[in-house]
file coords_2.json (JSON, C-alpha atoms)
[["chain", "number", "residue", "atom", "x", "y", "z"],
["A", 229, "MET", "CA", -41.57, -21.25, -41.83],
["A", 230, "LEU", "CA", -39.19, -19.13, -43.89],
["A", 231, "GLU", "CA", -40.51, -16.09, -42.15],
["A", 232, "VAL", "CA", -39.53, -17.49, -38.71],
["A", 233, "PHE", "CA", -35.95, -18.12, -39.87],
["A", 234, "ASP", "CA", -35.82, -14.64, -41.37],
["A", 235, "THR", "CA", -36.89, -13.16, -38.02],
["A", 236, "TRP", "CA", -34.27, -15.25, -36.17],
["A", 237, "TYR", "CA", -31.60, -14.29, -38.67],
["A", 238, "THR", "CA", -32.48, -10.60, -38.34],
["A", 239, "ALA", "CA", -32.45, -10.78, -34.53],
["A", 240, "LEU", "CA", -29.09, -12.59, -34.46],
["A", 241, "TYR", "CA", -27.60, -10.25, -37.05],
["A", 242, "GLU", "CA", -28.69, -7.15, -35.12],
["A", 243, "ALA", "CA", -27.40, -8.57, -31.81],
["A", 244, "TRP", "CA", -24.07, -9.53, -33.37],
["A", 245, "TYR", "CA", -23.78, -6.14, -35.08],
["A", 246, "ALA", "CA", -24.48, -4.31, -31.78],
["A", 247, "PHE", "CA", -21.89, -6.50, -29.97],
["A", 248, "ALA", "CA", -19.25, -5.97, -32.68],
["A", 249, "ASP", "CA", -19.94, -2.22, -32.69],
["A", 250, "ARG", "CA", -19.44, -2.01, -28.90],
["A", 251, "LEU", "CA", -16.36, -4.22, -29.08],
["A", 252, "ILE", "CA", -14.82, -2.04, -31.78],
["A", 253, "GLY", "CA", -15.60, 1.04, -29.68],
["A", 254, "VAL", "CA", -14.05, -0.47, -26.51],
["A", 255, "ALA", "CA", -11.12, -2.38, -28.02],
["A", 256, "PRO", "CA", -8.74, 0.59, -28.42],
["A", 257, "HIS", "CA", -9.31, 1.55, -24.80],
["A", 258, "LEU", "CA", -8.67, -1.99, -23.58],
["A", 259, "ILE", "CA", -5.56, -2.33, -25.74],
["A", 260, "GLY", "CA", -4.27, 1.03, -24.50],
["A", 261, "ALA", "CA", -4.95, 0.08, -20.87],
["A", 262, "SER", "CA", -3.19, -3.27, -21.38],
["A", 263, "LEU", "CA", -0.14, -1.57, -22.87],
["A", 264, "ILE", "CA", -0.04, 0.92, -19.99],
["A", 265, "LEU", "CA", -0.23, -1.95, -17.50],
["A", 266, "ILE", "CA", 2.54, -3.94, -19.20],
["A", 267, "PHE", "CA", 5.00, -1.09, -19.72],
["A", 268, "GLY", "CA", 4.11, 0.59, -16.43],
["A", 269, "SER", "CA", 4.74, -2.64, -14.52],
["A", 270, "LEU", "CA", 8.11, -3.04, -16.18],
["A", 271, "ILE", "CA", 9.01, 0.57, -15.37],
["A", 272, "ALA", "CA", 7.85, 0.17, -11.75],
["A", 273, "MET", "CA", 9.98, -2.94, -11.27],
["A", 274, "GLY", "CA", 12.99, -1.29, -12.91],
["A", 275, "VAL", "CA", 12.73, 1.91, -10.87],
["A", 276, "GLY", "CA", 12.17, -0.07, -7.66],
["A", 277, "GLU", "CA", 15.26, -2.21, -8.29],
["A", 278, "ALA", "CA", 17.32, 0.88, -9.15],
["A", 279, "VAL", "CA", 16.30, 2.59, -5.90],
["A", 280, "GLY", "CA", 17.08, -0.59, -3.94],
["A", 281, "ALA", "CA", 20.50, -0.86, -5.60],
["A", 282, "LEU", "CA", 21.21, 2.81, -4.86],
["A", 283, "ILE", "CA", 20.38, 2.31, -1.18],
["A", 284, "ASP", "CA", 22.64, -0.76, -1.13],
["A", 285, "ARG", "CA", 25.49, 1.22, -2.71],
["A", 286, "LEU", "CA", 25.07, 4.05, -0.20],
["A", 287, "LYS", "CA", 25.23, 1.44, 2.62],
["A", 288, "LEU", "CA", 22.11, 2.91, 4.24],
["A", 289, "ASP", "CA", 21.16, -0.53, 5.57],
["A", 290, "ASP", "CA", 24.34, -0.62, 7.65],
["A", 291, "ILE", "CA", 24.05, 2.97, 8.86],
["A", 292, "LEU", "CA", 20.34, 2.81, 9.71],
["A", 293, "GLY", "CA", 20.60, -0.75, 10.95],
["A", 294, "LYS", "CA", 22.96, 0.22, 13.74],
["A", 295, "ALA", "CA", 21.22, 3.45, 14.66],
["A", 296, "ILE", "CA", 17.53, 2.74, 14.26],
["A", 297, "LEU", "CA", 16.69, -0.78, 13.14],
["A", 298, "GLN", "CA", 18.69, -2.79, 15.68],
["A", 299, "PRO", "CA", 16.31, -2.11, 18.62],
["A", 300, "ILE", "CA", 13.29, -2.70, 16.41],
["A", 301, "GLN", "CA", 14.68, -5.94, 15.01],
["A", 302, "LYS", "CA", 15.41, -7.19, 18.52],
["A", 303, "GLY", "CA", 11.90, -6.26, 19.61],
["A", 304, "ILE", "CA", 10.03, -7.96, 16.78],
["A", 305, "GLY", "CA", 12.56, -10.68, 16.01],
["A", 306, "VAL", "CA", 12.54, -9.99, 12.26],
["A", 307, "LYS", "CA", 15.45, -8.67, 10.25],
["A", 308, "VAL", "CA", 14.36, -5.62, 8.27],
["A", 309, "LYS", "CA", 16.29, -4.52, 5.21],
["A", 310, "ILE", "CA", 15.82, -0.85, 4.30],
["A", 311, "ALA", "CA", 16.75, -1.38, 0.64],
["A", 312, "GLY", "CA", 14.10, -4.06, 0.16],
["A", 313, "LEU", "CA", 11.47, -2.08, 2.04],
["A", 314, "VAL", "CA", 12.05, 1.12, 0.05],
["A", 315, "GLU", "CA", 12.29, -0.85, -3.20],
["A", 316, "GLU", "CA", 8.86, -2.41, -2.62],
["A", 317, "LEU", "CA", 7.36, 0.90, -1.51],
["A", 318, "VAL", "CA", 8.58, 2.72, -4.64],
["A", 319, "LYS", "CA", 7.44, -0.14, -6.87],
["A", 320, "TRP", "CA", 3.94, -0.21, -5.40],
["A", 321, "VAL", "CA", 3.46, 3.55, -5.49],
["A", 322, "ILE", "CA", 4.39, 3.55, -9.18],
["A", 323, "LEU", "CA", 2.12, 0.54, -9.81],
["A", 324, "ILE", "CA", -0.83, 2.31, -8.19],
["A", 325, "VAL", "CA", -0.23, 5.32, -10.47],
["A", 326, "VAL", "CA", -0.06, 2.91, -13.44],
["A", 327, "PHE", "CA", -3.34, 1.27, -12.36],
["A", 328, "ILE", "CA", -4.97, 4.69, -12.14],
["A", 329, "ALA", "CA", -3.76, 5.59, -15.65],
["A", 330, "ALA", "CA", -4.90, 2.25, -17.09],
["A", 331, "ALA", "CA", -8.31, 2.52, -15.45],
["A", 332, "ASP", "CA", -8.65, 6.06, -16.78],
["A", 333, "VAL", "CA", -7.82, 4.96, -20.34],
["A", 334, "ALA", "CA", -10.22, 2.00, -20.09],
["A", 335, "HIS", "CA", -12.95, 4.35, -18.76],
["A", 336, "LEU", "CA", -13.31, 2.35, -15.54],
["A", 337, "SER", "CA", -14.23, 5.21, -13.25],
["A", 338, "GLN", "CA", -14.93, 3.05, -10.16],
["A", 339, "VAL", "CA", -11.52, 1.34, -10.38],
["A", 340, "ASN", "CA", -9.87, 4.70, -10.99],
["A", 341, "GLN", "CA", -11.58, 6.17, -7.93],
["A", 342, "PHE", "CA", -10.55, 3.19, -5.76],
["A", 343, "PHE", "CA", -6.86, 3.42, -6.69],
["A", 344, "SER", "CA", -6.94, 7.20, -6.26],
["A", 345, "GLU", "CA", -8.23, 6.71, -2.72],
["A", 346, "VAL", "CA", -5.49, 4.11, -2.07],
["A", 347, "LEU", "CA", -2.86, 6.55, -3.33],
["A", 348, "HIS", "CA", -4.22, 9.31, -1.08],
["A", 349, "TYR", "CA", -4.25, 6.90, 1.90],
["A", 350, "LEU", "CA", -0.56, 5.89, 1.57],
["A", 351, "PRO", "CA", 0.81, 8.94, 3.46],
["A", 352, "ASN", "CA", -1.26, 7.85, 6.49],
["A", 353, "VAL", "CA", 0.39, 4.43, 6.39],
["A", 354, "PHE", "CA", 3.84, 6.03, 6.06],
["A", 355, "VAL", "CA", 3.24, 8.34, 9.04],
["A", 356, "SER", "CA", 1.92, 5.41, 11.11],
["A", 357, "VAL", "CA", 5.06, 3.41, 10.41],
["A", 358, "ILE", "CA", 7.21, 6.40, 11.41],
["A", 359, "ILE", "CA", 5.21, 6.75, 14.65],
["A", 360, "LEU", "CA", 5.82, 3.10, 15.49],
["A", 361, "VAL", "CA", 9.54, 3.27, 14.62],
["A", 362, "VAL", "CA", 10.08, 6.38, 16.74],
["A", 363, "ALA", "CA", 8.08, 4.83, 19.58],
["A", 364, "SER", "CA", 10.24, 1.73, 19.45],
["A", 365, "LEU", "CA", 13.39, 3.85, 19.68],
["A", 366, "VAL", "CA", 11.97, 5.95, 22.53],
["A", 367, "ALA", "CA", 10.75, 2.86, 24.40],
["A", 368, "THR", "CA", 14.16, 1.20, 24.11],
["A", 369, "PHE", "CA", 15.92, 4.37, 25.25],
["A", 370, "VAL", "CA", 13.58, 4.99, 28.20],
["A", 371, "GLY", "CA", 13.71, 1.33, 29.23],
["A", 372, "ASN", "CA", 17.52, 1.36, 29.19],
["A", 373, "VAL", "CA", 17.67, 4.63, 31.15],
["A", 374, "LEU", "CA", 15.28, 3.30, 33.81],
["A", 375, "SER", "CA", 17.16, -0.01, 34.03],
["A", 376, "ASN", "CA", 20.44, 1.82, 34.61],
["A", 377, "THR", "CA", 19.26, 4.60, 36.94],
["A", 378, "VAL", "CA", 16.59, 2.94, 39.09],
["A", 379, "LYS", "CA", 17.15, -0.23, 41.09],
["A", 380, "ASP", "CA", 15.03, -2.33, 38.72],
["A", 381, "ASP", "CA", 16.31, -5.91, 39.01],
["A", 382, "MET", "CA", 13.08, -7.47, 37.77],
["A", 383, "GLY", "CA", 12.61, -4.96, 34.95],
["A", 384, "TYR", "CA", 9.25, -3.79, 36.29],
["A", 385, "TYR", "CA", 9.71, -0.06, 35.72],
["A", 386, "SER", "CA", 11.39, -0.43, 32.34],
["A", 387, "GLY", "CA", 8.73, -2.88, 31.21],
["A", 388, "LEU", "CA", 5.96, -0.62, 32.43],
["A", 389, "SER", "CA", 7.44, 2.39, 30.64],
["A", 390, "LYS", "CA", 7.90, 0.42, 27.41],
["A", 391, "GLY", "CA", 4.33, -0.85, 27.61],
["A", 392, "ALA", "CA", 2.97, 2.67, 28.12],
["A", 393, "ILE", "CA", 5.00, 4.07, 25.22],
["A", 394, "TYR", "CA", 4.00, 1.21, 22.89],
["A", 395, "THR", "CA", 0.32, 1.56, 23.87],
["A", 396, "PHE", "CA", 0.39, 5.29, 23.22],
["A", 397, "ALA", "CA", 2.19, 4.75, 19.88],
["A", 398, "ILE", "CA", -0.23, 2.06, 18.73],
["A", 399, "LEU", "CA", -3.21, 4.29, 19.55],
["A", 400, "ALA", "CA", -1.57, 7.19, 17.70],
["A", 401, "ALA", "CA", -0.82, 4.97, 14.69],
["A", 402, "LEU", "CA", -4.38, 3.62, 14.60],
["A", 403, "HIS", "CA", -5.72, 7.18, 14.85],
["A", 404, "GLN", "CA", -3.47, 8.17, 11.92],
["A", 405, "LEU", "CA", -4.79, 5.20, 9.93],
["A", 406, "GLN", "CA", -8.33, 6.45, 10.68],
["A", 407, "ILE", "CA", -9.39, 3.12, 12.17],
["A", 408, "SER", "CA", -12.40, 3.42, 14.45],
["A", 409, "LYS", "CA", -11.70, 7.00, 15.49],
["A", 410, "PRO", "CA", -14.34, 7.20, 18.27],
["A", 411, "LEU", "CA", -13.04, 4.04, 19.96],
["A", 412, "ILE", "CA", -9.43, 5.21, 19.75],
["A", 413, "GLU", "CA", -10.34, 8.63, 21.10],
["A", 414, "ILE", "CA", -12.07, 6.99, 24.08],
["A", 415, "LEU", "CA", -9.05, 4.74, 24.73],
["A", 416, "PHE", "CA", -6.66, 7.66, 24.25],
["A", 417, "THR", "CA", -8.63, 9.80, 26.70],
["A", 418, "GLY", "CA", -8.67, 6.95, 29.22]]
call {"tool": "encode", "arguments": {"input": "coords_2.json", "output": "structure tokens"}}
result
Amino acid sequence: MLEVFDTWYTALYEAWYAFADRLIGVAPHLIGASLILIFGSLIAMGVGEAVGALIDRLKLDDILGKAILQPIQKGIGVKVKIAGLVEELVKWVILIVVFIAAADVAHLSQVNQFFSEVLHYLPNVFVSVIILVVASLVATFVGNVLSNTVKDDMGYYSGLSKGAIYTFAILAALHQLQISKPLIEILFTG
């Protein structure tokens, strides 16, 4: 009977020793990754708020609001604030870099690869947003020109031109986002 307990004790001791050895080997990496996440998040929030405050001080919301955002805000019915948008964008770009660094320190290669792909995909999102903003400005301009130059009491021509511009812009933005490229190419060709 003593021999059975000795075997159990040896098995438990070896399992616990192997677990403790792995934990001691991984603990510095996890602590380092945690510290990177904590301090990186604080830095990201601080830098984001500083950029938002700088944009507020430069009054870019007022300048861009009158020139660019007013037609877009009327079209979508949502008030957009440049300072808040840029603040969030800066914060999230920094956070993605922090996540990549933390995953690298923790030796989580799959997580690191995922966030690297997200970081490389962000320019596509930025270009898509610019395409849609420019399209909104062009559609508003063309619609106003057609309303004022052509006898268009019902708004048929201006509405048709806006619809065509928005359709083209949405297809271009989806193509930039690499969403179902063959389908978009077929629609674009049509």
call {"tool": "residues_around", "arguments": {"input": "coords_2.json", "residues": "segment 251-263 of chain A", "least_positions_apart": "5", "cutoff": "12 Å", "atoms": "all atoms listed in the file", "output": "compact mmCIF listing (two decimals) with C-alpha atoms, keeping the file's coordinate frame"}}
result
# COMPACT_ATOMS: atom_id res chain seq x y z
CA TRP A 244 -24.07 -9.53 -33.37
CA TYR A 245 -23.78 -6.14 -35.08
CA ALA A 246 -24.48 -4.31 -31.78
CA GLY A 268 4.11 0.59 -16.43
CA SER A 269 4.74 -2.64 -14.52
CA LEU A 270 8.11 -3.04 -16.18
CA VAL A 326 -0.06 2.91 -13.44
CA PHE A 327 -3.34 1.27 -12.36
CA ILE A 328 -4.97 4.69 -12.14
CA ALA A 329 -3.76 5.59 -15.65
CA ALA A 330 -4.90 2.25 -17.09
CA ALA A 331 -8.31 2.52 -15.45
CA ASP A 332 -8.65 6.06 -16.78
CA VAL A 333 -7.82 4.96 -20.34
CA ALA A 334 -10.22 2.00 -20.09
CA HIS A 335 -12.95 4.35 -18.76
CA LEU A 336 -13.31 2.35 -15.54
CA ASN A 340 -9.87 4.70 -10.99
call {"tool": "residues_around", "arguments": {"input": "coords_2.json", "residues": "segment 356-371 of chain A", "least_positions_apart": "4", "cutoff": "6 Å", "atoms": "only C-alpha atoms", "output": "MDAnalysis selection string"}}
result
chainID A and resid 386 390 393 397 401
call {"tool": "atom_distance", "arguments": {"input": "coords_2.json", "atom1": "atom CA of Leu288 of chain A", "atom2": "atom CA of Leu313 of chain A"}}
result
12.0 Å
call {"tool": "closest_residue", "arguments": {"input": "coords_2.json", "among": "A:Thr395, A:Asn352, A:Ser389, A:Thr417", "to": "Asn372 of chain A", "atoms": "only C-alpha atoms"}}
result
A:Ser389
call {"tool": "atom_distance", "arguments": {"input": "coords_2.json", "atom1": "atom CA of Leu286 of chain A", "atom2": "atom CA of Met273 of chain A"}}
result
20.0 Å
call {"tool": "decode", "arguments": {"input": "coords_2.json", "residues": "segment 238-391 of chain A", "atoms": "C-alpha atoms", "output": "PDB file, in the first residue's frame"}}
result
ATOM      1  CA  THR A 238       6.148  10.888  -7.193  1.00  0.00           C
ATOM      2  CA  ALA A 239       3.673  11.480 -10.043  1.00  0.00           C
ATOM      3  CA  LEU A 240       2.141  14.533  -8.327  1.00  0.00           C
ATOM      4  CA  TYR A 241       5.555  15.909  -7.407  1.00  0.00           C
ATOM      5  CA  GLU A 242       6.845  15.572 -10.975  1.00  0.00           C
ATOM      6  CA  ALA A 243       3.681  17.142 -12.431  1.00  0.00           C
ATOM      7  CA  TRP A 244       3.821  20.035  -9.970  1.00  0.00           C
ATOM      8  CA  TYR A 245       7.541  20.518 -10.604  1.00  0.00           C
ATOM      9  CA  ALA A 246       6.983  20.593 -14.396  1.00  0.00           C
ATOM     10  CA  PHE A 247       4.100  23.105 -13.963  1.00  0.00           C
ATOM     11  CA  ALA A 248       6.142  25.342 -11.640  1.00  0.00           C
ATOM     12  CA  ASP A 249       9.122  25.182 -14.005  1.00  0.00           C
ATOM     13  CA  ARG A 250       6.960  26.276 -16.967  1.00  0.00           C
ATOM     14  CA  LEU A 251       5.275  28.966 -14.877  1.00  0.00           C
ATOM     15  CA  ILE A 252       8.632  30.353 -13.772  1.00  0.00           C
ATOM     16  CA  GLY A 253       9.790  30.340 -17.390  1.00  0.00           C
ATOM     17  CA  VAL A 254       6.634  32.129 -18.636  1.00  0.00           C
ATOM     18  CA  ALA A 255       6.004  34.508 -15.717  1.00  0.00           C
ATOM     19  CA  PRO A 256       8.565  37.181 -16.700  1.00  0.00           C
ATOM     20  CA  HIS A 257       7.114  37.306 -20.199  1.00  0.00           C
ATOM     21  CA  LEU A 258       3.555  37.639 -18.899  1.00  0.00           C
ATOM     22  CA  ILE A 259       4.569  40.304 -16.381  1.00  0.00           C
ATOM     23  CA  GLY A 260       6.447  42.219 -19.084  1.00  0.00           C
ATOM     24  CA  ALA A 261       3.480  41.974 -21.471  1.00  0.00           C
ATOM     25  CA  SER A 262       1.121  43.159 -18.720  1.00  0.00           C
ATOM     26  CA  LEU A 263       3.329  46.153 -17.946  1.00  0.00           C
ATOM     27  CA  ILE A 264       3.531  47.027 -21.644  1.00  0.00           C
ATOM     28  CA  LEU A 265      -0.264  46.836 -21.908  1.00  0.00           C
ATOM     29  CA  ILE A 266      -0.833  49.009 -18.830  1.00  0.00           C
ATOM     30  CA  PHE A 267       1.699  51.725 -19.622  1.00  0.00           C
ATOM     31  CA  GLY A 268       1.035  51.591 -23.362  1.00  0.00           C
ATOM     32  CA  SER A 269      -2.699  52.059 -22.788  1.00  0.00           C
ATOM     33  CA  LEU A 270      -2.056  55.049 -20.569  1.00  0.00           C
ATOM     34  CA  ILE A 271       0.289  56.550 -23.161  1.00  0.00           C
ATOM     35  CA  ALA A 272      -2.222  55.909 -25.976  1.00  0.00           C
ATOM     36  CA  MET A 273      -5.007  57.644 -24.060  1.00  0.00           C
ATOM     37  CA  GLY A 274      -2.747  60.561 -23.156  1.00  0.00           C
ATOM     38  CA  VAL A 275      -1.464  61.065 -26.693  1.00  0.00           C
ATOM     39  CA  GLY A 276      -4.982  60.732 -28.115  1.00  0.00           C
ATOM     40  CA  GLU A 277      -6.338  63.364 -25.721  1.00  0.00           C
ATOM     41  CA  ALA A 278      -3.396  65.680 -26.477  1.00  0.00           C
ATOM     42  CA  VAL A 279      -4.018  65.412 -30.222  1.00  0.00           C
ATOM     43  CA  GLY A 280      -7.748  66.036 -29.689  1.00  0.00           C
ATOM     44  CA  ALA A 281      -6.992  69.088 -27.536  1.00  0.00           C
ATOM     45  CA  LEU A 282      -4.554  70.404 -30.156  1.00  0.00           C
ATOM     46  CA  ILE A 283      -7.188  70.089 -32.879  1.00  0.00           C
ATOM     47  CA  ASP A 284      -9.683  71.885 -30.625  1.00  0.00           C
ATOM     48  CA  ARG A 285      -7.190  74.705 -29.999  1.00  0.00           C
ATOM     49  CA  LEU A 286      -6.485  75.066 -33.716  1.00  0.00           C
ATOM     50  CA  LYS A 287     -10.274  75.295 -34.320  1.00  0.00           C
ATOM     51  CA  LEU A 288     -10.059  72.696 -37.094  1.00  0.00           C
ATOM     52  CA  ASP A 289     -13.573  71.498 -36.269  1.00  0.00           C
ATOM     53  CA  ASP A 290     -14.970  74.917 -37.177  1.00  0.00           C
ATOM     54  CA  ILE A 291     -12.865  75.306 -40.312  1.00  0.00           C
ATOM     55  CA  LEU A 292     -13.456  71.790 -41.646  1.00  0.00           C
ATOM     56  CA  GLY A 293     -17.032  71.745 -40.428  1.00  0.00           C
ATOM     57  CA  LYS A 294     -18.010  74.611 -42.683  1.00  0.00           C
ATOM     58  CA  ALA A 295     -15.992  73.497 -45.686  1.00  0.00           C
ATOM     59  CA  ILE A 296     -16.250  69.723 -45.712  1.00  0.00           C
ATOM     60  CA  LEU A 297     -18.338  68.248 -42.916  1.00  0.00           C
ATOM     61  CA  GLN A 298     -21.510  70.312 -43.268  1.00  0.00           C
ATOM     62  CA  PRO A 299     -22.730  68.528 -46.449  1.00  0.00           C
ATOM     63  CA  ILE A 300     -21.805  65.152 -45.000  1.00  0.00           C
ATOM     64  CA  GLN A 301     -23.535  65.860 -41.699  1.00  0.00           C
ATOM     65  CA  LYS A 302     -26.682  66.933 -43.527  1.00  0.00           C
ATOM     66  CA  GLY A 303     -26.558  63.792 -45.647  1.00  0.00           C
ATOM     67  CA  ILE A 304     -26.134  61.298 -42.821  1.00  0.00           C
ATOM     68  CA  GLY A 305     -27.860  63.278 -40.080  1.00  0.00           C
ATOM     69  CA  VAL A 306     -25.021  62.785 -37.584  1.00  0.00           C
ATOM     70  CA  LYS A 307     -22.786  65.508 -36.220  1.00  0.00           C
ATOM     71  CA  VAL A 308     -19.153  64.551 -36.720  1.00  0.00           C
ATOM     72  CA  LYS A 309     -16.440  66.122 -34.608  1.00  0.00           C
ATOM     73  CA  ILE A 310     -12.974  66.033 -36.185  1.00  0.00           C
ATOM     74  CA  ALA A 311     -11.165  66.309 -32.840  1.00  0.00           C
ATOM     75  CA  GLY A 312     -12.949  63.273 -31.414  1.00  0.00           C
ATOM     76  CA  LEU A 313     -12.492  61.260 -34.589  1.00  0.00           C
ATOM     77  CA  VAL A 314      -8.748  61.958 -34.838  1.00  0.00           C
ATOM     78  CA  GLU A 315      -8.327  61.426 -31.088  1.00  0.00           C
ATOM     79  CA  GLU A 316      -9.868  57.945 -31.318  1.00  0.00           C
ATOM     80  CA  LEU A 317      -7.905  57.104 -34.462  1.00  0.00           C
ATOM     81  CA  VAL A 318      -4.568  58.065 -32.865  1.00  0.00           C
ATOM     82  CA  LYS A 319      -5.443  56.220 -29.663  1.00  0.00           C
ATOM     83  CA  TRP A 320      -6.347  53.009 -31.476  1.00  0.00           C
ATOM     84  CA  VAL A 321      -3.309  53.035 -33.750  1.00  0.00           C
ATOM     85  CA  ILE A 322      -1.064  53.382 -30.697  1.00  0.00           C
ATOM     86  CA  LEU A 323      -3.032  50.657 -28.880  1.00  0.00           C
ATOM     87  CA  ILE A 324      -2.572  48.261 -31.794  1.00  0.00           C
ATOM     88  CA  VAL A 325       1.186  48.905 -31.701  1.00  0.00           C
ATOM     89  CA  VAL A 326       1.100  48.288 -27.917  1.00  0.00           C
ATOM     90  CA  PHE A 327      -0.810  45.023 -28.449  1.00  0.00           C
ATOM     91  CA  ILE A 328       1.785  43.926 -31.003  1.00  0.00           C
ATOM     92  CA  ALA A 329       4.631  44.702 -28.565  1.00  0.00           C
ATOM     93  CA  ALA A 330       2.889  42.907 -25.690  1.00  0.00           C
ATOM     94  CA  ALA A 331       2.143  39.849 -27.821  1.00  0.00           C
ATOM     95  CA  ASP A 332       5.764  39.800 -28.970  1.00  0.00           C
ATOM     96  CA  VAL A 333       7.064  39.924 -25.384  1.00  0.00           C
ATOM     97  CA  ALA A 334       4.605  37.201 -24.307  1.00  0.00           C
ATOM     98  CA  HIS A 335       5.688  35.055 -27.297  1.00  0.00           C
ATOM     99  CA  LEU A 336       2.140  34.925 -28.675  1.00  0.00           C
ATOM    100  CA  SER A 337       3.014  34.768 -32.351  1.00  0.00           C
ATOM    101  CA  GLN A 338      -0.569  34.257 -33.609  1.00  0.00           C
ATOM    102  CA  VAL A 339      -1.835  37.328 -31.714  1.00  0.00           C
ATOM    103  CA  ASN A 340       1.165  39.314 -32.904  1.00  0.00           C
ATOM    104  CA  GLN A 341       0.478  38.310 -36.506  1.00  0.00           C
ATOM    105  CA  PHE A 342      -3.218  39.239 -36.200  1.00  0.00           C
ATOM    106  CA  PHE A 343      -2.522  42.737 -34.863  1.00  0.00           C
ATOM    107  CA  SER A 344       0.200  43.247 -37.468  1.00  0.00           C
ATOM    108  CA  GLU A 345      -2.331  42.464 -40.186  1.00  0.00           C
ATOM    109  CA  VAL A 346      -4.827  44.881 -38.579  1.00  0.00           C
ATOM    110  CA  LEU A 347      -2.166  47.600 -38.508  1.00  0.00           C
ATOM    111  CA  HIS A 348      -1.339  46.992 -42.184  1.00  0.00           C
ATOM    112  CA  TYR A 349      -5.068  47.092 -43.069  1.00  0.00           C
ATOM    113  CA  LEU A 350      -5.718  50.512 -41.450  1.00  0.00           C
ATOM    114  CA  PRO A 351      -4.491  52.554 -44.456  1.00  0.00           C
ATOM    115  CA  ASN A 352      -7.169  50.842 -46.578  1.00  0.00           C
ATOM    116  CA  VAL A 353      -9.838  51.981 -44.124  1.00  0.00           C
ATOM    117  CA  PHE A 354      -8.427  55.521 -44.117  1.00  0.00           C
ATOM    118  CA  VAL A 355      -8.415  55.705 -47.929  1.00  0.00           C
ATOM    119  CA  SER A 356     -11.970  54.330 -48.061  1.00  0.00           C
ATOM    120  CA  VAL A 357     -13.171  57.027 -45.678  1.00  0.00           C
ATOM    121  CA  ILE A 358     -11.454  59.689 -47.794  1.00  0.00           C
ATOM    122  CA  ILE A 359     -13.128  58.278 -50.930  1.00  0.00           C
ATOM    123  CA  LEU A 360     -16.540  58.503 -49.275  1.00  0.00           C
ATOM    124  CA  VAL A 361     -15.928  62.036 -47.937  1.00  0.00           C
ATOM    125  CA  VAL A 362     -14.775  63.312 -51.327  1.00  0.00           C
ATOM    126  CA  ALA A 363     -17.704  61.580 -53.022  1.00  0.00           C
ATOM    127  CA  SER A 364     -20.114  63.250 -50.634  1.00  0.00           C
ATOM    128  CA  LEU A 365     -18.625  66.651 -51.432  1.00  0.00           C
ATOM    129  CA  VAL A 366     -18.689  65.992 -55.182  1.00  0.00           C
ATOM    130  CA  ALA A 367     -22.258  64.655 -55.043  1.00  0.00           C
ATOM    131  CA  THR A 368     -23.448  67.719 -53.127  1.00  0.00           C
ATOM    132  CA  PHE A 369     -21.665  70.054 -55.541  1.00  0.00           C
ATOM    133  CA  VAL A 370     -22.941  68.306 -58.681  1.00  0.00           C
ATOM    134  CA  GLY A 371     -26.469  68.086 -57.263  1.00  0.00           C
ATOM    135  CA  ASN A 372     -26.480  71.814 -56.473  1.00  0.00           C
ATOM    136  CA  VAL A 373     -25.095  72.704 -59.912  1.00  0.00           C
ATOM    137  CA  LEU A 374     -27.735  70.593 -61.669  1.00  0.00           C
ATOM    138  CA  SER A 375     -30.518  72.008 -59.487  1.00  0.00           C
ATOM    139  CA  ASN A 376     -29.473  75.559 -60.349  1.00  0.00           C
ATOM    140  CA  THR A 377     -28.684  75.149 -64.058  1.00  0.00           C
ATOM    141  CA  VAL A 378     -31.265  72.633 -65.289  1.00  0.00           C
ATOM    142  CA  LYS A 379     -35.008  73.051 -64.838  1.00  0.00           C
ATOM    143  CA  ASP A 380     -35.189  70.322 -62.174  1.00  0.00           C
ATOM    144  CA  ASP A 381     -38.220  71.131 -60.008  1.00  0.00           C
ATOM    145  CA  MET A 382     -38.644  67.571 -58.776  1.00  0.00           C
ATOM    146  CA  GLY A 383     -34.922  67.015 -58.179  1.00  0.00           C
ATOM    147  CA  TYR A 384     -34.769  64.101 -60.603  1.00  0.00           C
ATOM    148  CA  TYR A 385     -31.471  64.971 -62.294  1.00  0.00           C
ATOM    149  CA  SER A 386     -29.726  66.050 -59.113  1.00  0.00           C
ATOM    150  CA  GLY A 387     -30.930  62.932 -57.311  1.00  0.00           C
ATOM    151  CA  LEU A 388     -29.846  60.717 -60.178  1.00  0.00           C
ATOM    152  CA  SER A 389     -26.393  62.306 -60.283  1.00  0.00           C
ATOM    153  CA  LYS A 390     -25.981  61.997 -56.502  1.00  0.00           C
ATOM    154  CA  GLY A 391     -27.050  58.360 -56.634  1.00  0.00           C
TER     155      GLY A 391
END
